[in-house]
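Undergrad: The file below is input_33.txt, compact mmCIF, C-alpha atoms and all ligand atoms:
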```
# COMPACT_ATOMS: atom_id res chain seq x y z
CA ASP N 1 -21.04 26.25 45.36
CA GLY N 2 -23.92 27.99 43.60
CA VAL N 3 -25.34 24.57 42.76
CA LEU N 4 -26.81 24.85 39.29
CA LEU N 5 -30.47 24.01 39.28
CA SER N 6 -31.99 24.60 35.88
CA GLU N 7 -32.01 26.61 32.72
CA LEU N 8 -34.61 29.21 31.76
CA PRO N 9 -36.98 28.05 29.00
CA ARG N 10 -36.78 29.57 25.47
CA PRO N 11 -38.48 31.72 24.61
CA CYS N 12 -38.40 33.09 28.12
CA ARG N 13 -40.94 35.49 29.62
CA MET N 14 -39.26 37.98 31.87
CA MET N 15 -40.63 40.83 33.96
CA LEU N 16 -37.94 43.50 33.93
CA LEU N 17 -38.41 45.97 36.79
CA VAL N 18 -36.48 49.19 36.24
CA ASN N 19 -36.11 51.92 38.85
CA PRO N 20 -35.58 55.08 36.79
CA GLN N 21 -34.34 56.96 39.87
CA SER N 22 -31.66 54.47 40.87
CA GLY N 23 -27.99 55.35 40.73
CA LYS N 24 -27.34 58.45 38.67
CA GLY N 25 -30.92 58.29 37.38
CA GLN N 26 -29.87 56.69 34.11
CA ALA N 27 -31.23 53.16 34.40
CA LEU N 28 -33.60 53.62 31.45
CA ILE N 29 -30.87 55.02 29.25
CA LEU N 30 -28.61 52.12 30.24
CA TYR N 31 -31.41 49.71 29.39
CA ASN N 32 -31.87 51.27 25.94
CA ASN N 33 -28.15 51.38 25.22
CA HIS N 34 -27.05 47.98 26.48
CA ILE N 35 -29.81 45.61 27.46
CA GLN N 36 -32.79 45.82 25.13
CA ARG N 37 -31.09 44.40 22.04
CA MET N 38 -29.11 41.84 24.00
CA LEU N 39 -32.28 40.33 25.48
CA ASN N 40 -34.14 40.38 22.16
CA GLU N 41 -31.30 38.57 20.42
CA ALA N 42 -31.25 35.94 23.16
CA GLY N 43 -34.97 35.25 22.70
CA VAL N 44 -35.92 36.78 26.02
CA ILE N 45 -39.40 38.25 25.77
CA HIS N 46 -39.41 40.89 28.44
CA THR N 47 -41.99 43.29 29.75
CA LEU N 48 -40.55 46.51 31.04
CA VAL N 49 -42.09 47.66 34.32
CA ILE N 50 -40.93 51.08 35.45
CA THR N 51 -41.25 51.56 39.20
CA GLU N 52 -42.94 54.77 40.25
CA ARG N 53 -42.12 54.95 43.95
CA GLN N 54 -40.73 53.11 46.91
CA ASN N 55 -42.52 49.79 47.60
CA HIS N 56 -44.16 49.80 44.16
CA ALA N 57 -42.19 46.69 43.14
CA ARG N 58 -42.91 45.01 46.45
CA GLU N 59 -46.66 45.50 46.07
CA MET N 60 -46.58 44.39 42.45
CA VAL N 61 -44.83 41.07 43.06
CA LYS N 62 -47.03 40.43 46.05
CA GLU N 63 -50.11 40.52 43.80
CA ALA N 64 -48.65 39.27 40.51
CA ASP N 65 -49.80 36.14 38.70
CA LEU N 66 -46.42 34.45 38.80
CA SER N 67 -47.47 31.74 36.35
CA GLN N 68 -47.10 34.44 33.66
CA TRP N 69 -43.38 34.83 34.27
CA ASP N 70 -40.32 32.63 33.93
CA ALA N 71 -38.17 35.19 35.76
CA LEU N 72 -38.33 38.51 37.60
CA VAL N 73 -35.35 40.70 36.80
CA ILE N 74 -34.37 43.87 38.63
CA MET N 75 -32.50 46.69 36.97
CA SER N 76 -31.67 49.04 39.82
CA GLY N 77 -29.49 48.86 42.90
CA ASP N 78 -29.79 46.22 45.61
CA GLY N 79 -32.70 48.11 47.19
CA LEU N 80 -35.20 47.10 44.55
CA LEU N 81 -34.33 43.40 44.75
CA TYR N 82 -34.77 43.63 48.52
CA GLU N 83 -38.34 44.81 47.89
CA VAL N 84 -39.03 42.02 45.41
CA ILE N 85 -37.73 39.26 47.69
CA ASN N 86 -39.75 40.52 50.63
CA GLY N 87 -42.82 40.91 48.44
CA LEU N 88 -42.51 37.27 47.32
CA LEU N 89 -42.11 36.06 50.90
CA GLU N 90 -45.18 38.00 52.05
CA ARG N 91 -47.41 35.94 49.72
CA SER N 92 -49.50 33.11 51.05
CA ASP N 93 -47.94 30.93 48.32
CA TRP N 94 -44.44 32.06 49.37
CA GLU N 95 -42.98 28.57 49.16
CA GLU N 96 -43.69 28.45 45.43
CA ALA N 97 -43.24 32.18 44.82
CA ILE N 98 -39.70 32.38 46.21
CA ARG N 99 -38.65 29.70 43.69
CA THR N 100 -39.26 32.16 40.85
CA PRO N 101 -35.86 32.76 39.20
CA LEU N 102 -34.65 36.28 39.97
CA GLY N 103 -32.13 38.28 38.00
CA ILE N 104 -30.09 41.40 38.65
CA LEU N 105 -28.79 44.07 36.29
CA PRO N 106 -26.74 46.85 37.91
CA GLY N 107 -28.54 50.16 37.43
CA GLY N 108 -28.10 51.68 40.87
CA SER N 109 -25.30 53.07 42.95
CA GLY N 110 -25.18 50.06 45.27
CA ASN N 111 -24.82 47.07 42.93
CA ALA N 112 -23.32 44.56 45.32
CA LEU N 113 -25.23 41.49 44.17
CA ALA N 114 -24.48 42.21 40.50
CA ALA N 115 -20.78 42.51 41.39
CA SER N 116 -21.00 39.25 43.35
CA VAL N 117 -22.63 37.38 40.45
CA HIS N 118 -19.94 38.69 38.10
CA HIS N 119 -17.27 37.61 40.61
CA TYR N 120 -18.74 34.09 40.94
CA SER N 121 -18.59 33.73 37.15
CA GLY N 122 -14.81 33.83 37.49
CA ALA N 123 -14.34 36.93 35.34
CA SER N 124 -11.86 39.60 36.38
CA PRO N 125 -13.28 42.66 38.17
CA VAL N 126 -15.03 45.36 36.14
CA SER N 127 -17.31 48.23 37.05
CA SER N 128 -20.09 50.49 35.77
CA GLU N 129 -21.23 49.77 32.22
CA GLU N 130 -18.83 46.86 31.77
CA LEU N 131 -20.41 45.22 34.80
CA LEU N 132 -23.84 45.84 33.30
CA VAL N 133 -22.86 44.20 30.01
CA SER N 134 -21.36 41.22 31.85
CA CYS N 135 -24.52 40.77 33.93
CA GLY N 136 -26.59 41.14 30.74
CA PHE N 137 -24.71 38.22 29.16
CA LEU N 138 -25.01 36.07 32.27
CA LEU N 139 -28.75 36.80 32.29
CA CYS N 140 -29.06 35.74 28.64
CA LYS N 141 -27.33 32.44 29.38
CA GLY N 142 -30.19 31.83 31.78
CA LEU N 143 -28.66 29.33 34.18
CA VAL N 144 -30.39 29.30 37.55
CA SER N 145 -28.72 28.64 40.93
CA ARG N 146 -29.92 28.58 44.50
CA MET N 147 -29.25 31.64 46.65
CA ASP N 148 -29.21 31.85 50.46
CA LEU N 149 -31.51 34.28 52.23
CA VAL N 150 -31.29 35.46 55.82
CA SER N 151 -34.36 36.12 57.93
CA ILE N 152 -34.07 39.05 60.30
CA HIS N 153 -36.13 39.72 63.42
CA LEU N 154 -36.25 43.29 64.72
CA SER N 155 -37.79 44.29 68.02
CA SER N 156 -41.19 45.39 66.76
CA SER N 157 -41.26 45.31 62.94
CA PRO N 158 -42.37 42.23 61.04
CA ARG N 159 -39.67 39.71 60.16
CA LEU N 160 -37.86 40.53 56.94
CA PHE N 161 -35.60 38.74 54.50
CA SER N 162 -32.18 39.77 53.29
CA PHE N 163 -29.99 38.49 50.44
CA LEU N 164 -26.85 40.53 50.94
CA SER N 165 -25.84 42.17 54.16
CA LEU N 166 -26.66 43.34 57.65
CA ALA N 167 -24.62 46.25 58.96
CA TRP N 168 -24.25 48.29 62.16
CA GLY N 169 -21.70 50.96 62.98
CA PHE N 170 -19.27 52.40 60.49
CA VAL N 171 -20.53 50.59 57.37
CA ALA N 172 -24.21 51.29 58.05
CA ASP N 173 -23.51 54.97 58.73
CA VAL N 174 -21.48 55.31 55.53
CA ASP N 175 -24.15 53.57 53.48
CA ILE N 176 -26.90 55.92 54.62
CA GLU N 177 -24.89 59.13 54.85
CA SER N 178 -23.55 58.54 51.33
CA GLU N 179 -27.06 58.47 49.82
CA LYS N 180 -26.59 62.20 49.26
CA TYR N 181 -23.61 61.47 46.98
CA ARG N 182 -25.77 59.19 44.80
CA HIS N 183 -24.99 61.35 41.74
CA VAL N 184 -21.37 60.11 41.75
CA GLY N 185 -22.60 56.53 41.36
CA ALA N 186 -20.66 53.69 42.99
CA ALA N 187 -17.97 56.15 44.13
CA ARG N 188 -20.44 57.33 46.77
CA PHE N 189 -19.11 54.70 49.20
CA THR N 190 -15.51 55.90 48.82
CA VAL N 191 -16.55 59.49 49.43
CA GLY N 192 -18.72 58.42 52.37
CA THR N 193 -15.92 56.34 53.90
CA LEU N 194 -13.52 59.28 53.87
CA VAL N 195 -16.11 61.60 55.39
CA ARG N 196 -16.98 59.09 58.16
CA LEU N 197 -13.32 58.40 58.95
CA ALA N 198 -12.98 62.00 60.00
CA SER N 199 -15.64 61.47 62.67
CA LEU N 200 -14.78 57.88 63.58
CA ARG N 201 -16.60 56.68 66.69
CA VAL N 202 -17.22 53.66 68.87
CA TYR N 203 -20.50 51.73 68.86
CA LYS N 204 -21.40 49.87 72.03
CA GLY N 205 -23.39 46.70 72.11
CA LYS N 206 -23.55 42.97 72.64
CA LEU N 207 -22.95 40.55 69.78
CA ALA N 208 -23.54 36.81 69.87
CA TYR N 209 -23.67 34.10 67.26
CA LEU N 210 -24.17 30.43 66.52
CA PRO N 211 -20.95 29.23 64.87
CA ALA N 212 -21.17 27.36 61.59
CA THR N 213 -19.24 24.13 61.83
CA LYS N 214 -18.77 21.21 59.50
CA GLN N 215 -20.09 18.91 62.20
CA HIS N 216 -23.59 20.22 62.34
CA ASN N 217 -26.19 21.59 60.02
CA ASN N 218 -29.09 23.83 60.96
CA GLN N 219 -31.00 21.26 62.94
CA GLU N 220 -28.17 19.30 64.52
CA GLY N 221 -26.78 22.52 65.94
CA LEU N 222 -29.81 22.73 68.15
CA ARG N 223 -30.22 19.19 69.33
CA ASN N 224 -26.59 18.80 70.17
CA ASN N 225 -26.33 21.69 72.57
CA THR N 226 -23.26 20.58 74.45
CA THR N 227 -21.01 19.92 71.48
CA GLY N 228 -21.38 23.26 69.74
CA HIS N 229 -17.86 23.80 68.45
CA CYS N 230 -16.29 27.16 68.01
CA ASN N 231 -13.90 27.65 65.17
CA ASN N 232 -12.68 31.14 65.81
CA GLN N 233 -10.11 32.71 68.01
CA ALA N 234 -12.55 34.80 70.00
CA SER N 235 -14.76 31.89 70.93
CA SER N 236 -12.08 29.95 72.74
CA LEU N 237 -11.69 32.90 75.09
CA THR N 238 -15.38 33.36 75.51
CA PRO N 239 -17.08 32.81 78.84
CA ALA N 240 -20.48 31.15 78.98
CA PRO N 241 -23.15 33.40 77.53
CA VAL N 242 -24.10 36.20 79.86
CA LEU N 243 -27.81 35.73 80.17
CA CYS N 244 -29.13 38.35 82.53
CA ARG N 245 -26.89 41.34 82.65
CA PRO N 246 -28.65 44.66 83.15
CA SER N 247 -28.11 47.33 80.57
CA ARG N 248 -25.10 49.56 81.24
CA ASP N 249 -26.92 52.65 80.27
CA SER N 250 -29.97 53.12 82.44
CA SER N 251 -31.57 55.39 79.87
CA CYS N 252 -31.35 52.66 77.26
CA ASN N 253 -34.37 50.50 76.79
CA ASN N 254 -32.90 48.37 74.07
CA THR N 255 -31.81 45.37 76.07
CA PHE N 256 -32.89 41.88 75.26
CA HIS N 257 -34.66 41.55 78.58
CA ASN N 258 -37.29 44.17 78.13
CA SER N 259 -37.51 44.22 74.38
CA CYS N 260 -40.85 43.26 73.04
CA HIS N 261 -40.32 40.73 70.33
CA SER N 262 -41.89 40.79 66.93
CA ASN N 263 -45.41 39.57 66.38
CA ASN N 264 -43.99 37.53 63.57
CA SER N 265 -41.26 35.93 65.59
CA LEU N 266 -41.63 32.35 66.63
CA LYS N 267 -43.22 31.98 70.01
CA VAL N 268 -41.56 29.40 72.18
CA ARG N 269 -43.03 28.59 75.55
CA ARG N 270 -40.99 30.10 78.34
CA SER N 271 -40.45 26.79 80.05
CA GLU N 272 -38.61 25.40 77.04
CA SER N 273 -34.87 25.80 77.15
CA THR N 274 -34.16 25.03 73.50
CA PRO N 275 -35.81 26.36 70.37
CA SER N 276 -38.55 24.18 69.08
CA ARG N 277 -39.89 23.40 65.64
CA SER N 278 -43.33 23.08 67.13
CA ALA N 279 -43.40 26.82 67.73
CA THR N 280 -46.32 28.67 66.18
CA LYS N 281 -45.70 29.18 62.48
CA ALA N 282 -45.09 32.69 61.24
CA PRO N 283 -47.62 33.94 58.66
CA ALA N 284 -45.28 33.61 55.65
CA GLY N 285 -41.79 32.38 55.00
CA PRO N 286 -39.97 29.44 56.55
CA PRO N 287 -39.78 29.06 60.35
CA ASP N 288 -36.54 30.02 62.10
CA SER N 289 -35.46 26.87 63.85
CA LEU N 290 -32.28 28.32 65.38
CA LEU N 291 -33.77 31.36 67.08
CA VAL N 292 -35.57 31.87 70.35
CA PRO N 293 -37.55 35.09 70.83
CA LEU N 294 -35.41 38.20 71.25
CA ASP N 295 -36.42 38.69 74.88
CA GLN N 296 -35.27 35.22 75.90
CA PRO N 297 -31.75 34.09 76.83
CA LEU N 298 -29.54 32.75 74.06
CA PRO N 299 -29.39 28.99 73.53
CA ALA N 300 -26.38 27.43 75.28
CA ASN N 301 -24.44 26.65 72.11
CA TRP N 302 -24.17 30.32 71.08
CA VAL N 303 -20.96 32.30 71.46
CA VAL N 304 -21.02 35.76 73.06
CA VAL N 305 -18.34 38.11 71.74
CA PRO N 306 -16.31 39.30 74.75
CA GLU N 307 -15.88 42.85 73.45
CA GLU N 308 -18.68 45.36 73.69
CA ASP N 309 -16.96 48.27 71.95
CA PHE N 310 -17.05 48.10 68.16
CA VAL N 311 -16.29 50.20 65.14
CA LEU N 312 -18.44 48.04 62.91
CA MET N 313 -20.40 44.82 62.63
CA LEU N 314 -20.99 43.48 59.16
CA ALA N 315 -22.77 40.24 58.27
CA MET N 316 -22.37 39.29 54.60
CA TYR N 317 -23.87 36.42 52.64
CA GLN N 318 -22.50 37.35 49.20
CA SER N 319 -18.98 38.36 48.21
CA HIS N 320 -19.39 42.06 47.47
CA LEU N 321 -20.53 44.92 49.68
CA ALA N 322 -20.37 47.32 46.73
CA GLU N 323 -19.10 47.15 43.14
CA ASP N 324 -15.54 47.64 44.32
CA LEU N 325 -15.67 46.18 47.82
CA LEU N 326 -14.92 42.45 47.98
CA ALA N 327 -15.85 42.18 51.65
CA ALA N 328 -16.34 38.39 51.89
CA PRO N 329 -13.91 36.88 49.35
CA ASP N 330 -14.79 33.28 50.23
CA ALA N 331 -18.56 33.74 50.28
CA ALA N 332 -20.58 31.76 47.76
CA LEU N 333 -24.14 32.19 46.52
CA ASN N 334 -25.37 29.11 48.34
CA ASP N 335 -22.90 28.22 51.11
CA GLY N 336 -25.58 28.41 53.79
CA VAL N 337 -23.33 30.60 55.89
CA ILE N 338 -23.32 34.16 57.24
CA HIS N 339 -19.84 35.66 57.02
CA LEU N 340 -19.64 37.73 60.19
CA PHE N 341 -17.05 40.49 60.46
CA TYR N 342 -16.52 42.89 63.26
CA VAL N 343 -13.92 45.51 63.97
CA ARG N 344 -13.07 46.10 67.63
CA ALA N 345 -12.73 49.62 68.96
CA GLY N 346 -9.19 50.92 69.25
CA ILE N 347 -8.32 50.68 65.57
CA SER N 348 -6.66 53.82 64.21
CA ARG N 349 -8.12 55.83 61.35
CA THR N 350 -5.14 54.86 59.21
CA ALA N 351 -5.59 51.16 59.91
CA LEU N 352 -9.30 51.33 59.15
CA LEU N 353 -8.66 53.18 55.90
CA ARG N 354 -6.05 50.55 55.04
CA LEU N 355 -8.67 47.83 55.59
CA PHE N 356 -11.14 49.46 53.22
CA LEU N 357 -8.47 50.04 50.60
CA ALA N 358 -7.40 46.39 50.85
CA MET N 359 -11.06 45.35 50.57
CA GLU N 360 -11.13 46.53 46.95
CA LYS N 361 -9.14 43.41 46.15
CA GLY N 362 -10.52 41.32 49.01
CA ALA N 363 -7.11 41.48 50.71
CA HIS N 364 -8.28 42.92 54.05
CA LEU N 365 -8.21 39.55 55.81
CA ALA N 366 -4.57 39.10 54.80
CA THR N 367 -3.53 42.40 56.37
CA ASN N 368 -3.44 40.70 59.79
CA CYS N 369 -5.29 43.58 61.35
CA GLN N 370 -5.63 42.68 65.04
CA HIS N 371 -8.91 44.56 65.31
CA LEU N 372 -10.71 42.71 62.52
CA VAL N 373 -12.46 39.43 63.33
CA HIS N 374 -14.05 37.16 60.72
CA THR N 375 -16.09 34.09 61.56
CA LYS N 376 -18.70 31.97 59.82
CA VAL N 377 -22.04 31.67 61.57
CA ARG N 378 -25.57 30.36 61.03
CA ALA N 379 -27.35 32.85 63.23
CA LEU N 380 -26.53 35.97 65.22
CA ARG N 381 -27.98 38.37 67.74
CA LEU N 382 -27.04 42.03 68.16
CA GLU N 383 -28.06 44.29 71.01
CA PRO N 384 -26.90 47.87 70.47
CA TYR N 385 -26.72 49.79 73.75
CA SER N 386 -27.22 53.28 72.36
CA PRO N 387 -30.87 54.28 71.97
CA LYS N 388 -30.35 55.74 68.49
CA GLY N 389 -28.36 54.70 65.47
CA ILE N 390 -28.43 53.11 62.05
CA ILE N 391 -28.84 49.48 61.08
CA THR N 392 -29.04 48.52 57.43
CA VAL N 393 -30.28 45.39 55.72
CA ASP N 394 -29.16 45.07 52.09
CA GLY N 395 -28.27 48.77 52.25
CA GLU N 396 -31.75 49.85 53.42
CA VAL N 397 -32.41 51.38 56.85
CA VAL N 398 -34.43 49.19 59.22
CA GLU N 399 -35.75 49.67 62.74
CA TYR N 400 -32.92 50.37 65.17
CA GLY N 401 -32.59 48.17 68.23
CA PRO N 402 -31.96 44.54 69.14
CA LEU N 403 -32.14 42.08 66.29
CA GLN N 404 -31.37 38.52 65.38
CA ALA N 405 -30.86 36.69 62.13
CA GLU N 406 -30.75 33.16 60.74
CA VAL N 407 -29.56 31.91 57.37
CA HIS N 408 -31.85 29.85 55.15
CA GLY N 409 -29.56 28.05 52.71
CA GLY N 410 -30.70 28.11 49.09
CA LEU N 411 -34.17 29.50 49.81
CA SER N 412 -34.31 31.60 46.62
CA ARG N 413 -33.23 31.25 42.96
CA LEU N 414 -30.94 33.55 41.05
CA ILE N 415 -29.94 33.64 37.38
CA THR N 416 -26.16 33.45 37.50
CA GLY N 417 -25.23 32.46 33.92
P1 LIG M 501 -29.56 52.69 44.50
O1 LIG M 501 -28.47 51.71 44.48
O2 LIG M 501 -29.31 53.79 43.55
O3 LIG M 501 -29.85 53.14 45.89
P2 LIG M 501 -31.90 51.04 44.76
O4 LIG M 501 -32.35 49.92 43.89
O5 LIG M 501 -31.28 50.66 46.05
O6 LIG M 501 -30.87 51.95 43.95
O7 LIG M 501 -33.17 51.99 44.96
C1 LIG M 501 -33.25 52.94 45.95
C2 LIG M 501 -34.70 53.08 46.41
O8 LIG M 501 -35.50 53.67 45.40
C3 LIG M 501 -35.38 51.79 46.76
O9 LIG M 501 -35.74 51.84 48.11
C4 LIG M 501 -36.63 51.76 45.88
O10 LIG M 501 -37.74 51.31 46.58
C5 LIG M 501 -36.83 53.20 45.54
N1 LIG M 501 -37.58 53.43 44.30
C6 LIG M 501 -38.01 52.56 43.36
N2 LIG M 501 -38.60 53.19 42.33
C7 LIG M 501 -38.57 54.50 42.63
C8 LIG M 501 -39.02 55.67 41.96
N3 LIG M 501 -39.64 55.63 40.79
N4 LIG M 501 -38.80 56.86 42.55
C9 LIG M 501 -38.15 56.93 43.74
N5 LIG M 501 -37.71 55.86 44.42
C10 LIG M 501 -37.91 54.66 43.88
MG MG M 502 -29.73 51.20 47.46
```
Represent the supplied structure as structure tokens.

TA:
Amino acid sequence: DGVLLSELPRPCRMMLLVNPQSGKGQALILYNNHIQRMLNEAGVIHTLVITERQNHAREMVKEADLSQWDALVIMSGDGLLYEVINGLLERSDWEEAIRTPLGILPGGSGNALAASVHHYSGASPVSSEELLVSCGFLLCKGLVSRMDLVSIHLSSSPRLFSFLSLAWGFVADVDIESEKYRHVGAARFTVGTLVRLASLRVYKGKLAYLPATKQHNNQEGLRNNTTGHCNNQASSLTPAPVLCRPSRDSSCNNTFHNSCHSNNSLKVRRSESTPSRSATKAPAGPPDSLLVPLDQPLPANWVVVPEEDFVLMLAMYQSHLAEDLLAAPDAALNDGVIHLFYVRAGISRTALLRLFLAMEKGAHLATNCQHLVHTKVRALRLEPYSPKGIITVDGEVVEYGPLQAEVHGGLSRLITG
């Protein structure tokens, strides 16, 4: 599905951004030991750029003369690529800039995209330095594919773009709490999962989504409001979207009704009942044609999840959540779909642990766990009820509160070999 687009030119001019602090702090050593010679032999002229601090890469790609580069390659965890993608989409020439081929070499502790690229190549699972060598070879082959991105609106921060995941609840908490186990590398997620299991809790909120169906693409889904099909078990039981329900917790100010939507979000006149393409254009990046502002009722063809008690919500657009977590086995680089998973409250610790163990081989969906729901969507909205908590985008913490997201199929380019 990662429709092959082109091949990198030879010789190829690559900017290689290395975060020396990523993972166990050995990215530069890994570069010297495994990557430098490989790239030279493949005729890849690369300029090493060592990042000095958070947002350094983001600022650099925002200002860079992109005509100098055939590719921007990240050697770090997923966090550095997240910066680069957002930097590219903040440019006034974003439409051109986001077509720059990107590459990923696993140098961090969260190397989910690298693991996904390796998985898409059809090779059997590997980890650590073997994964690095595999990704090095794929990079040298230089074949470029399209990659989906997801735009995410938070209540008051500017819109941001995501290439991997959006998490709330158990997974988000583990991701952030496990930062302190960074020195153990990719095993930090296993350690974090075990620690979090001991203090397993319920997360309350409202989740809604626009189902992805074969019948409609991004635009048709909007025009054809009454025929929005639902292809999951939950949706057939779902009542019409609850549009104006007061918050359960009076101390909570995170409801959709009173949330103040992002300055960057598309403004749709209040009298309009469906989203409109004529909405004011956001400063950079493509418009979100499926979303209405966060403080407005959901479009009629959206599905509201009946449960409001969750253990986790995880939206994935690539196969791997971590090197050894095949969370979305049927996800492809460019399928134009968000793979939405949620786990309902009531699951036992043992059952949840079993799910994560099965996820190493992508077998969690086959365990027939009654608490796990998987559905494919094009857009989603989440309204957490608790005033505090953690939400992560591509493994990075973002503003906590109501949010919504929409997939943009094939918006970026990735070197997949
Ligand atoms: P890891 O998987 O180990 O977390 P990431 O690529 O996710 O690796 O990087 C973690 C964070 O480190 C990112 O938010 C990035 O902005 C930041 N960063 C980049 N360069 C540096 C640096 N020189 N020192 C500290 N942090 C940095
Ligand atoms: Mg990270």

Undergrad: Using only C-alpha atoms and all ligand atoms, which residues of the polymer chains come no farther than 9 Å from ligand LIG 501 (chain M)? I'd like the answer as a ChimeraX atom specification.

TA: /N:18-25,50-58,74-83,106-112,179,182-183,185-186,394-396

Undergrad: So which one's closest to ligand MG 502 (chain M), N:Arg354, N:Ser165, N:Met38, N:Arg146? Using only C-alpha atoms and all ligand atoms, please.

TA: N:Ser165

Undergrad: Select, from N:Ala405, N:Met313, N:Val393, N:Val73, the residue with the minimum atom-to-atom distance to ligand MG 502 (chain M), counting all atoms listed in the file.

TA: N:Val393

Undergrad: With distances taken over all atoms listed in the file, which residue among N:Ile347, N:Val373, N:Leu380, N:Leu113 lies nearest ligand MG 502 (chain M)?

TA: N:Leu113

Undergrad: Mind pulling up the distance from CA of Ala42 (chain N) to CA of Leu164 (chain N)?

TA: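 Result for CA of Leu164 (chain N) versus CA of Ala42 (chain N): 28.5 Å, one decimal.
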
Undergrad: In terms of the shortest atom-to-atom distance over only C-alpha atoms, which of N:Ala115, N:Val305, N:Val171, N:Ala379 is closest to Val292 (chain N)?

TA: N:Ala379

Undergrad: Pick from N:Leu340, N:Ala366, N:Leu210, N:Leu321: nearest to Leu298 (chain N), with all atoms listed in the file counted?

TA: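 Using all atoms listed in the file, the shortest distance to Leu298 (chain N) belongs to N:Leu210.
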
Undergrad: Which one of N:Leu355, N:Ile85, N:Ile176, N:Val407 sits closest to ligand MG 502 (chain M) if you count all atoms listed in the file?

TA: N:Ile176

Undergrad: Rounded to one decimal in Å, what is the spacing between CA of Gln36 (chain N) and CA of Phe137 (chain N)?

TA: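 Atom-to-atom, CA of Gln36 (chain N) and CA of Phe137 (chain N) are spaced 11.8 Å apart.
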
Undergrad: Measure the distance from CA of Ser319 (chain N) to CA of Ala331 (chain N) in Å and round it to one decimal.

TA: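 Between these atoms lies a distance of 5.1 Å.
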
Undergrad: Find the spatial neighbours of Leu194 (chain N), counting all atoms listed in the file, within a cut-off of 10 Å - ignore same-chain residues fewer than 6 positions away - and output them as number ranges by chain.

TA: N: 174, 200, 349, 353

Undergrad: If we count only C-alpha atoms and set the cut-off at 10 Å, which residues sit around Glu383 (chain N), ignoring sequence neighbours fewer than 3 positions away in its own chain? Please answer as a PyMOL selection string.

TA: chain N and resi 204-208+254-256+294+308+386+400-404

Undergrad: Please identify all polymer residues within 8 Å of Ile152 (chain N), counting all atoms listed in the file, omitting same-chain residues fewer than 2 positions from it, and present them as a compact mmCIF listing (two decimals) with C-alpha atoms, keeping the file's coordinate frame.

TA:
```txt
# COMPACT_ATOMS: atom_id res chain seq x y z
CA VAL N 150 -31.29 35.46 55.82
CA LEU N 154 -36.25 43.29 64.72
CA ARG N 159 -39.67 39.71 60.16
CA LEU N 160 -37.86 40.53 56.94
CA PHE N 161 -35.60 38.74 54.50
CA SER N 162 -32.18 39.77 53.29
CA LEU N 403 -32.14 42.08 66.29
CA GLN N 404 -31.37 38.52 65.38
CA ALA N 405 -30.86 36.69 62.13
CA GLU N 406 -30.75 33.16 60.74
```

Undergrad: Asp148 (chain N): which residues within 7 Å, counting only C-alpha atoms, same-chain residues fewer than 5 positions away excluded, as an MDAnalysis selection string?

TA: chainID N and resid 163 333:334 336 407:412
